[in-house]
$ cat upload_23.txt   # compact mmCIF, C-alpha atoms and all ligand atoms
# COMPACT_ATOMS: atom_id res chain seq x y z
CA MET O 8 -14.20 -0.23 4.75
CA PHE O 9 -16.23 1.70 7.30
CA PRO O 10 -20.04 1.71 7.44
CA VAL O 11 -21.52 5.18 6.88
CA ASP O 12 -22.41 6.76 10.23
CA TYR O 13 -25.40 9.12 10.10
CA LEU O 14 -25.18 10.40 13.68
CA ASP O 15 -24.78 14.16 14.12
CA ARG O 16 -24.22 13.62 17.81
CA LYS O 17 -21.61 10.97 18.41
CA PRO O 18 -21.04 8.69 21.35
CA LEU O 19 -18.44 9.98 23.80
CA GLY O 20 -16.42 6.83 24.34
CA ASN O 21 -18.43 4.30 26.31
CA THR O 22 -20.01 6.93 28.58
CA GLY O 23 -23.54 6.84 27.17
CA GLU O 24 -23.23 10.59 26.57
CA SER O 25 -23.16 12.14 23.12
CA ILE O 26 -21.28 15.14 21.74
CA SER O 27 -21.62 17.24 18.60
CA ALA O 28 -20.05 15.57 15.55
CA ILE O 29 -18.51 18.98 14.82
CA GLY O 30 -16.92 21.13 17.51
CA ILE O 31 -14.79 24.25 17.18
CA GLY O 32 -11.01 24.54 17.69
CA THR O 33 -9.28 27.54 19.23
CA TYR O 34 -5.65 27.33 18.11
CA GLY O 35 -4.16 30.50 16.60
CA ILE O 36 -6.97 32.99 17.28
CA ARG O 37 -6.15 36.39 15.78
CA ASP O 38 -9.21 38.60 16.26
CA GLU O 39 -10.50 37.93 19.77
CA ALA O 40 -13.79 39.79 19.49
CA LYS O 41 -14.71 37.98 16.27
CA ALA O 42 -13.61 34.65 17.69
CA ILE O 43 -15.83 35.09 20.74
CA GLU O 44 -18.76 35.99 18.52
CA ALA O 45 -18.13 32.97 16.28
CA LEU O 46 -17.81 30.59 19.25
CA LYS O 47 -21.02 31.91 20.79
CA HIS O 48 -22.79 31.44 17.50
CA ALA O 49 -21.47 27.87 17.30
CA VAL O 50 -22.95 27.05 20.71
CA GLU O 51 -26.19 28.75 19.71
CA VAL O 52 -26.57 26.54 16.61
CA GLY O 53 -25.62 23.32 18.41
CA LEU O 54 -21.90 23.01 17.57
CA ASP O 55 -21.46 23.11 21.31
CA LEU O 56 -18.08 21.45 21.81
CA ILE O 57 -15.10 23.80 22.14
CA ASP O 58 -11.56 22.48 22.01
CA THR O 59 -8.79 24.44 23.70
CA ALA O 60 -5.47 23.90 25.53
CA GLU O 61 -3.32 25.57 28.15
CA MET O 62 -0.74 25.94 25.36
CA TYR O 63 -2.92 27.98 22.97
CA GLY O 64 -2.00 31.65 23.18
CA SER O 65 -0.19 30.77 26.45
CA GLY O 66 -3.53 30.46 28.24
CA ARG O 67 -5.30 33.25 26.39
CA ALA O 68 -7.47 30.82 24.36
CA GLU O 69 -8.81 29.34 27.60
CA GLU O 70 -9.63 32.84 28.83
CA LEU O 71 -11.57 33.55 25.63
CA VAL O 72 -13.45 30.26 25.93
CA GLY O 73 -14.22 31.31 29.50
CA MET O 74 -15.86 34.50 28.18
CA VAL O 75 -17.99 32.44 25.82
CA VAL O 76 -19.03 30.07 28.59
CA ARG O 77 -19.87 32.93 30.94
CA ASP O 78 -22.18 34.50 28.34
CA MET O 79 -23.77 31.29 27.08
CA GLY O 80 -24.10 29.40 30.37
CA ARG O 81 -21.87 26.59 31.59
CA SER O 82 -24.30 23.79 30.85
CA ARG O 83 -24.51 24.71 27.15
CA VAL O 84 -20.85 24.12 26.34
CA PHE O 85 -18.84 20.90 26.31
CA ILE O 86 -15.34 22.11 27.19
CA VAL O 87 -12.28 20.13 26.13
CA THR O 88 -8.86 21.29 27.27
CA LYS O 89 -5.40 19.82 26.98
CA LEU O 90 -2.47 19.98 29.38
CA TYR O 91 1.25 19.77 28.55
CA PRO O 92 2.67 16.24 28.76
CA HIS O 93 5.04 17.11 31.59
CA ARG O 94 2.06 17.84 33.84
CA PHE O 95 1.34 14.11 33.93
CA ARG O 96 4.56 13.04 35.64
CA ASN O 97 2.65 12.97 38.92
CA PRO O 98 -0.93 13.63 40.10
CA GLU O 99 -0.01 16.76 42.09
CA ASP O 100 1.39 18.51 39.00
CA SER O 101 -1.61 17.58 36.85
CA ILE O 102 -4.05 18.83 39.49
CA ARG O 103 -2.15 22.11 39.86
CA ALA O 104 -2.10 22.64 36.07
CA LEU O 105 -5.77 21.84 35.59
CA LYS O 106 -6.73 24.19 38.45
CA ALA O 107 -4.88 26.97 36.60
CA SER O 108 -6.81 26.11 33.40
CA LEU O 109 -10.10 26.14 35.31
CA LYS O 110 -9.27 29.57 36.67
CA ARG O 111 -8.65 30.91 33.15
CA LEU O 112 -11.86 29.25 31.94
CA GLY O 113 -13.82 30.55 34.93
CA VAL O 114 -15.38 27.15 35.66
CA ASN O 115 -15.18 24.56 38.45
CA CYS O 116 -14.84 21.59 36.15
CA VAL O 117 -14.20 20.89 32.46
CA ASP O 118 -15.97 18.14 30.56
CA LEU O 119 -12.87 16.51 29.17
CA VAL O 120 -9.14 16.88 29.74
CA LEU O 121 -6.51 15.38 27.45
CA ILE O 122 -2.77 14.73 27.62
CA HIS O 123 -1.72 16.97 24.71
CA TRP O 124 0.82 14.44 23.47
CA PRO O 125 2.56 11.48 25.08
CA GLU O 126 5.82 12.09 26.90
CA GLU O 127 8.33 9.39 26.09
CA ALA O 128 10.19 9.85 29.39
CA THR O 129 7.16 9.11 31.57
CA PRO O 130 5.67 5.59 31.58
CA ILE O 131 2.16 5.66 30.14
CA GLU O 132 0.86 3.97 33.26
CA ARG O 133 2.05 6.92 35.34
CA GLN O 134 0.51 9.43 32.92
CA VAL O 135 -2.81 7.60 33.22
CA ARG O 136 -2.60 7.63 37.06
CA SER O 137 -2.25 11.44 36.90
CA LEU O 138 -5.20 11.66 34.48
CA GLU O 139 -7.34 9.56 36.79
CA ALA O 140 -6.45 11.86 39.69
CA LEU O 141 -8.05 14.73 37.74
CA VAL O 142 -11.36 12.87 37.46
CA ASP O 143 -11.13 11.75 41.10
CA SER O 144 -10.60 15.32 42.24
CA GLY O 145 -13.76 16.44 40.41
CA LEU O 146 -11.89 18.90 38.17
CA THR O 147 -12.97 17.13 34.97
CA ARG O 148 -15.86 14.84 34.12
CA TYR O 149 -13.92 12.73 31.61
CA MET O 150 -10.34 12.05 30.56
CA GLY O 151 -8.55 11.23 27.31
CA VAL O 152 -5.39 11.51 25.27
CA SER O 153 -4.09 13.20 22.14
CA ASN O 154 -1.52 12.22 19.53
CA PHE O 155 -1.30 8.68 20.93
CA THR O 156 -0.40 5.91 18.47
CA THR O 157 -2.38 2.68 18.52
CA GLU O 158 0.30 1.05 20.69
CA GLN O 159 0.33 3.96 23.14
CA LEU O 160 -3.46 4.00 23.28
CA LYS O 161 -3.53 0.26 23.95
CA LYS O 162 -1.11 0.78 26.86
CA ALA O 163 -3.20 3.67 28.17
CA LEU O 164 -6.41 1.63 28.05
CA ILE O 165 -4.92 -1.25 30.00
CA SER O 166 -3.41 1.16 32.53
CA THR O 167 -6.76 2.57 33.63
CA THR O 168 -7.98 1.44 37.02
CA LYS O 169 -11.25 3.31 37.54
CA HIS O 170 -11.93 5.77 34.71
CA ASP O 171 -12.03 5.21 30.95
CA ILE O 172 -10.03 6.93 28.24
CA VAL O 173 -12.90 8.31 26.18
CA VAL O 174 -11.10 10.22 23.39
CA ASN O 175 -7.91 10.18 21.34
CA GLN O 176 -7.50 13.51 19.51
CA VAL O 177 -5.34 13.08 16.41
CA LYS O 178 -4.74 14.63 13.01
CA TYR O 179 -7.20 13.35 10.43
CA SER O 180 -8.44 14.88 7.20
CA VAL O 181 -9.68 13.72 3.83
CA VAL O 182 -6.09 13.93 2.52
CA ASP O 183 -4.32 12.70 5.66
CA ARG O 184 -5.99 9.39 6.42
CA GLY O 185 -3.17 7.60 8.19
CA VAL O 186 -5.39 6.82 11.17
CA GLU O 187 -7.70 4.68 9.07
CA GLY O 188 -5.36 1.68 8.83
CA GLU O 189 -5.05 0.76 12.49
CA LEU O 190 -5.97 3.51 14.93
CA LEU O 191 -9.55 4.20 13.85
CA PRO O 192 -10.56 0.51 13.71
CA PHE O 193 -9.01 0.09 17.18
CA CYS O 194 -10.93 3.13 18.48
CA ILE O 195 -14.21 1.83 17.05
CA ALA O 196 -13.64 -1.65 18.51
CA ASN O 197 -12.79 -0.22 21.93
CA LYS O 198 -15.36 2.59 21.99
CA VAL O 199 -12.87 5.45 22.05
CA THR O 200 -14.00 8.58 20.21
CA LEU O 201 -11.51 9.79 17.61
CA MET O 202 -11.42 13.60 17.59
CA ALA O 203 -10.05 14.80 14.25
CA TYR O 204 -7.85 17.90 14.40
CA THR O 205 -6.71 20.02 11.44
CA PRO O 206 -9.66 18.53 9.48
CA LEU O 207 -9.53 21.37 6.91
CA GLU O 208 -5.77 21.19 6.38
CA ARG O 209 -5.80 24.82 7.56
CA GLY O 210 -8.24 25.72 4.75
CA ARG O 211 -6.39 24.02 1.89
CA VAL O 212 -9.16 21.46 1.26
CA ALA O 213 -11.32 24.35 -0.01
CA ASP O 214 -9.26 24.48 -3.22
CA MET O 215 -9.14 20.80 -4.12
CA ARG O 216 -10.78 19.93 -7.43
CA PRO O 217 -12.41 16.58 -6.46
CA LEU O 218 -13.97 18.26 -3.42
CA LYS O 219 -15.17 21.14 -5.57
CA GLU O 220 -16.79 18.67 -7.97
CA LEU O 221 -18.61 16.87 -5.17
CA ALA O 222 -19.56 20.22 -3.66
CA PHE O 223 -21.26 21.14 -6.93
CA LYS O 224 -23.06 17.77 -7.03
CA TYR O 225 -24.43 18.13 -3.48
CA SER O 226 -24.94 21.92 -3.53
CA LYS O 227 -22.48 22.12 -0.66
CA THR O 228 -19.02 23.69 -0.25
CA PRO O 229 -15.70 21.79 -0.39
CA ILE O 230 -15.26 22.48 3.33
CA GLN O 231 -18.62 20.81 4.03
CA ILE O 232 -17.63 17.83 1.86
CA ALA O 233 -14.34 17.48 3.76
CA LEU O 234 -16.08 17.55 7.15
CA ASN O 235 -18.88 15.25 6.04
CA PHE O 236 -16.33 12.68 4.90
CA LEU O 237 -14.85 12.58 8.41
CA ILE O 238 -18.06 12.46 10.41
CA ALA O 239 -19.38 9.73 8.12
CA ARG O 240 -16.92 7.47 10.00
CA PRO O 241 -18.19 5.83 13.19
CA TYR O 242 -16.83 7.34 16.42
CA VAL O 243 -15.27 10.31 14.60
CA VAL O 244 -15.91 13.94 15.51
CA ALA O 245 -14.13 16.85 13.82
CA ILE O 246 -12.93 20.09 15.43
CA PRO O 247 -12.28 22.64 12.65
CA LYS O 248 -11.13 26.07 13.79
CA THR O 249 -12.61 29.35 12.71
CA GLU O 250 -13.10 32.79 14.15
CA ARG O 251 -15.69 33.78 11.54
CA ARG O 252 -19.38 33.50 12.23
CA GLU O 253 -20.23 32.76 8.58
CA ARG O 254 -17.82 29.82 8.60
CA VAL O 255 -19.57 28.41 11.66
CA GLU O 256 -22.71 28.42 9.50
CA GLU O 257 -20.74 26.65 6.81
CA PHE O 258 -19.59 23.96 9.28
CA LYS O 259 -23.17 23.50 10.45
CA GLY O 260 -24.12 22.78 6.85
CA ALA O 261 -21.94 19.67 7.03
CA LEU O 262 -24.52 18.11 9.38
CA GLY O 263 -27.88 16.54 8.60
CA TRP O 264 -26.89 14.62 5.47
CA ARG O 265 -24.16 12.26 4.29
CA LEU O 266 -22.13 11.66 1.16
CA SER O 267 -23.19 8.49 -0.63
CA TYR O 268 -20.91 5.50 -0.18
CA PRO O 269 -19.66 5.64 -3.81
CA ASP O 270 -18.76 9.31 -3.35
CA ILE O 271 -16.93 8.49 -0.12
CA GLN O 272 -14.98 5.96 -2.17
CA ILE O 273 -14.04 8.67 -4.69
CA LEU O 274 -12.51 10.67 -1.85
CA GLU O 275 -10.76 7.59 -0.50
CA ARG O 276 -8.89 7.36 -3.80
CA LEU O 277 -7.46 10.88 -3.47
CA ASN O 278 -3.72 11.37 -3.10
CA GLN O 279 -2.50 11.45 0.46
CA SER O 280 -1.03 14.94 0.09
CA PRO O 281 -3.08 18.12 -0.41
CA GLN O 282 -3.38 19.08 -4.11
N1 LIG C 1 -4.15 17.93 19.75
C1 LIG C 1 -3.32 18.55 18.95
O1 LIG C 1 -2.08 18.32 18.96
C2 LIG C 1 -3.86 19.57 17.98
C3 LIG C 1 -3.04 20.02 16.91
C4 LIG C 1 -3.60 20.95 16.02
C5 LIG C 1 -4.89 21.41 16.20
N2 LIG C 1 -5.65 20.99 17.27
C6 LIG C 1 -7.04 21.49 17.49
O2 LIG C 1 -7.78 21.32 16.29
C7 LIG C 1 -8.30 22.57 15.85
C8 LIG C 1 -8.40 22.62 14.33
O3 LIG C 1 -7.15 22.39 13.72
P1 LIG C 1 -6.32 23.56 13.01
O4 LIG C 1 -6.66 24.88 13.61
O5 LIG C 1 -4.90 23.12 13.04
O6 LIG C 1 -6.72 23.49 11.48
P2 LIG C 1 -8.08 23.50 10.60
O7 LIG C 1 -9.28 23.46 11.44
O8 LIG C 1 -7.88 22.46 9.56
O9 LIG C 1 -7.98 24.89 9.86
C9 LIG C 1 -8.18 26.10 10.52
C10 LIG C 1 -7.82 27.22 9.53
O10 LIG C 1 -8.68 27.10 8.39
C11 LIG C 1 -9.31 28.34 8.16
N3 LIG C 1 -10.66 28.09 7.70
C12 LIG C 1 -11.75 27.76 8.44
N4 LIG C 1 -12.83 27.64 7.67
C13 LIG C 1 -12.43 27.91 6.41
C14 LIG C 1 -13.10 28.01 5.17
N5 LIG C 1 -14.41 27.80 5.09
N6 LIG C 1 -12.38 28.31 4.07
C15 LIG C 1 -11.06 28.55 4.15
N7 LIG C 1 -10.36 28.52 5.31
C16 LIG C 1 -11.05 28.20 6.43
C17 LIG C 1 -9.32 29.06 9.50
O11 LIG C 1 -9.30 30.47 9.32
P3 LIG C 1 -10.39 31.42 10.05
O12 LIG C 1 -10.20 31.24 11.51
O13 LIG C 1 -10.01 32.77 9.55
O14 LIG C 1 -11.73 30.99 9.58
C18 LIG C 1 -8.03 28.58 10.12
O15 LIG C 1 -6.95 29.40 9.72
C19 LIG C 1 -7.31 23.59 16.46
O16 LIG C 1 -7.82 24.90 16.47
C20 LIG C 1 -7.10 22.98 17.82
O17 LIG C 1 -8.19 23.28 18.67
C21 LIG C 1 -5.15 20.04 18.14
$ encode --input "upload_23.txt" --output "structure tokens"
Amino acid sequence: MFPVDYLDRKPLGNTGESISAIGIGTYGIRDEAKAIEALKHAVEVGLDLIDTAEMYGSGRAEELVGMVVRDMGRSRVFIVTKLYPHRFRNPEDSIRALKASLKRLGVNCVDLVLIHWPEEATPIERQVRSLEALVDSGLTRYMGVSNFTTEQLKKALISTTKHDIVVNQVKYSVVDRGVEGELLPFCIANKVTLMAYTPLERGRVADMRPLKELAFKYSKTPIQIALNFLIARPYVVAIPKTERRERVEEFKGALGWRLSYPDIQILERLNQSPQ
């Protein structure tokens, strides 16, 4: 059982900084002009965290985020990017890869860089050394991980020597709640922000009957119910993707209120697979 969290700006790890409870993802952009417009609108309305990766569109997503940042102003956007796991075999490779990302983004420094997923072949301690080198070199303000299990995250946390792991980005949605058993309680206890990816199940949550019923009750949409469920958890932020301005508005409507605890419990009883 998790207490209901009412914060619309969530703590970023143990940094004392806060980030929007809802940011925007950039995987699989189809219409670039519309995506840029939607991302700019998101920043305008306060959904000012953008998640990208060197992998997305083979670097093109970072270039598009760069266009958004150039138009909106660097200080208005919290930029998260992710590097391939093999970059973290040694500090030199990670620095070279992040410099290439920064060039595509058109910035001197990102706010947060993540290991996209753990590489089995490289000891976690060595991956963390390479992450720390990125903060030391001033190319990122903060560092974190993605797709790390609780065990892997534990190892990463004890491997740090001077900078904290502030985020673990993992899959989490109202119908895929595997993180709730062990990982989320561990993140809360250790002040690591859990960044929920694929929070809309690629749009499928919009058609689920229990979400539609709650949407009717709250005069909200099923998408807003699905996002509200996630951000009602302490230390959780969600990064839904859209390239449509009107859907950014819809995401924004998930902020500023919370499902009641009994209604959260109704959603907790849903099947684990999308209906
Ligand atoms: N770390 C990782 O390994 C990892 C893995 C996957 C994803 N991610 C990150 O997380 C972000 C989000 O995850 P995701 O893109 O996999 O899935 P998602 O956010 O669950 O779903 C995005 C899809 O849902 C559609 N959608 C958005 N709003 C909708 C609405 N109101 N009604 C119906 N459909 C809607 C979008 O289409 P439109 O664009 O047309 O609106 C898009 O096709 C990614 O973009 C990426 O930044 C990270």
$ residues_near_ligand --input "upload_23.txt" --ligand "ligand LIG 1 (chain C)" --cutoff "9 Å" --atoms "all atoms listed in the file" --output "count of residues only"
59
$ atom_distance --input "upload_23.txt" --atom1 "atom CA of Lys110 of chain O" --atom2 "atom CA of Glu44 of chain O"
21.5 Å
$ residues_around --input "upload_23.txt" --residues "Leu112 of chain O" --least-positions-apart "5" --cutoff "10 Å" --atoms "all atoms listed in the file" --output "VMD selection string"
chain O and resid 66 to 77 86 88 106 to 107 117
$ closest_residue --input "upload_23.txt" --among "O:Tyr242, O:Tyr149, O:Tyr91, O:Phe155" --to "Lys169 of chain O" --atoms "only C-alpha atoms"
O:Tyr149
$ closest_residue --input "upload_23.txt" --among "O:Ala45, O:Ile26, O:Ala233, O:Val11" --to "Thr200 of chain O" --atoms "all atoms listed in the file"
O:Ile26
$ closest_residue --input "upload_23.txt" --among "O:Glu256, O:Asp118, O:Glu24, O:Glu275" --to "Lys227 of chain O" --atoms "all atoms listed in the file"
O:Glu256
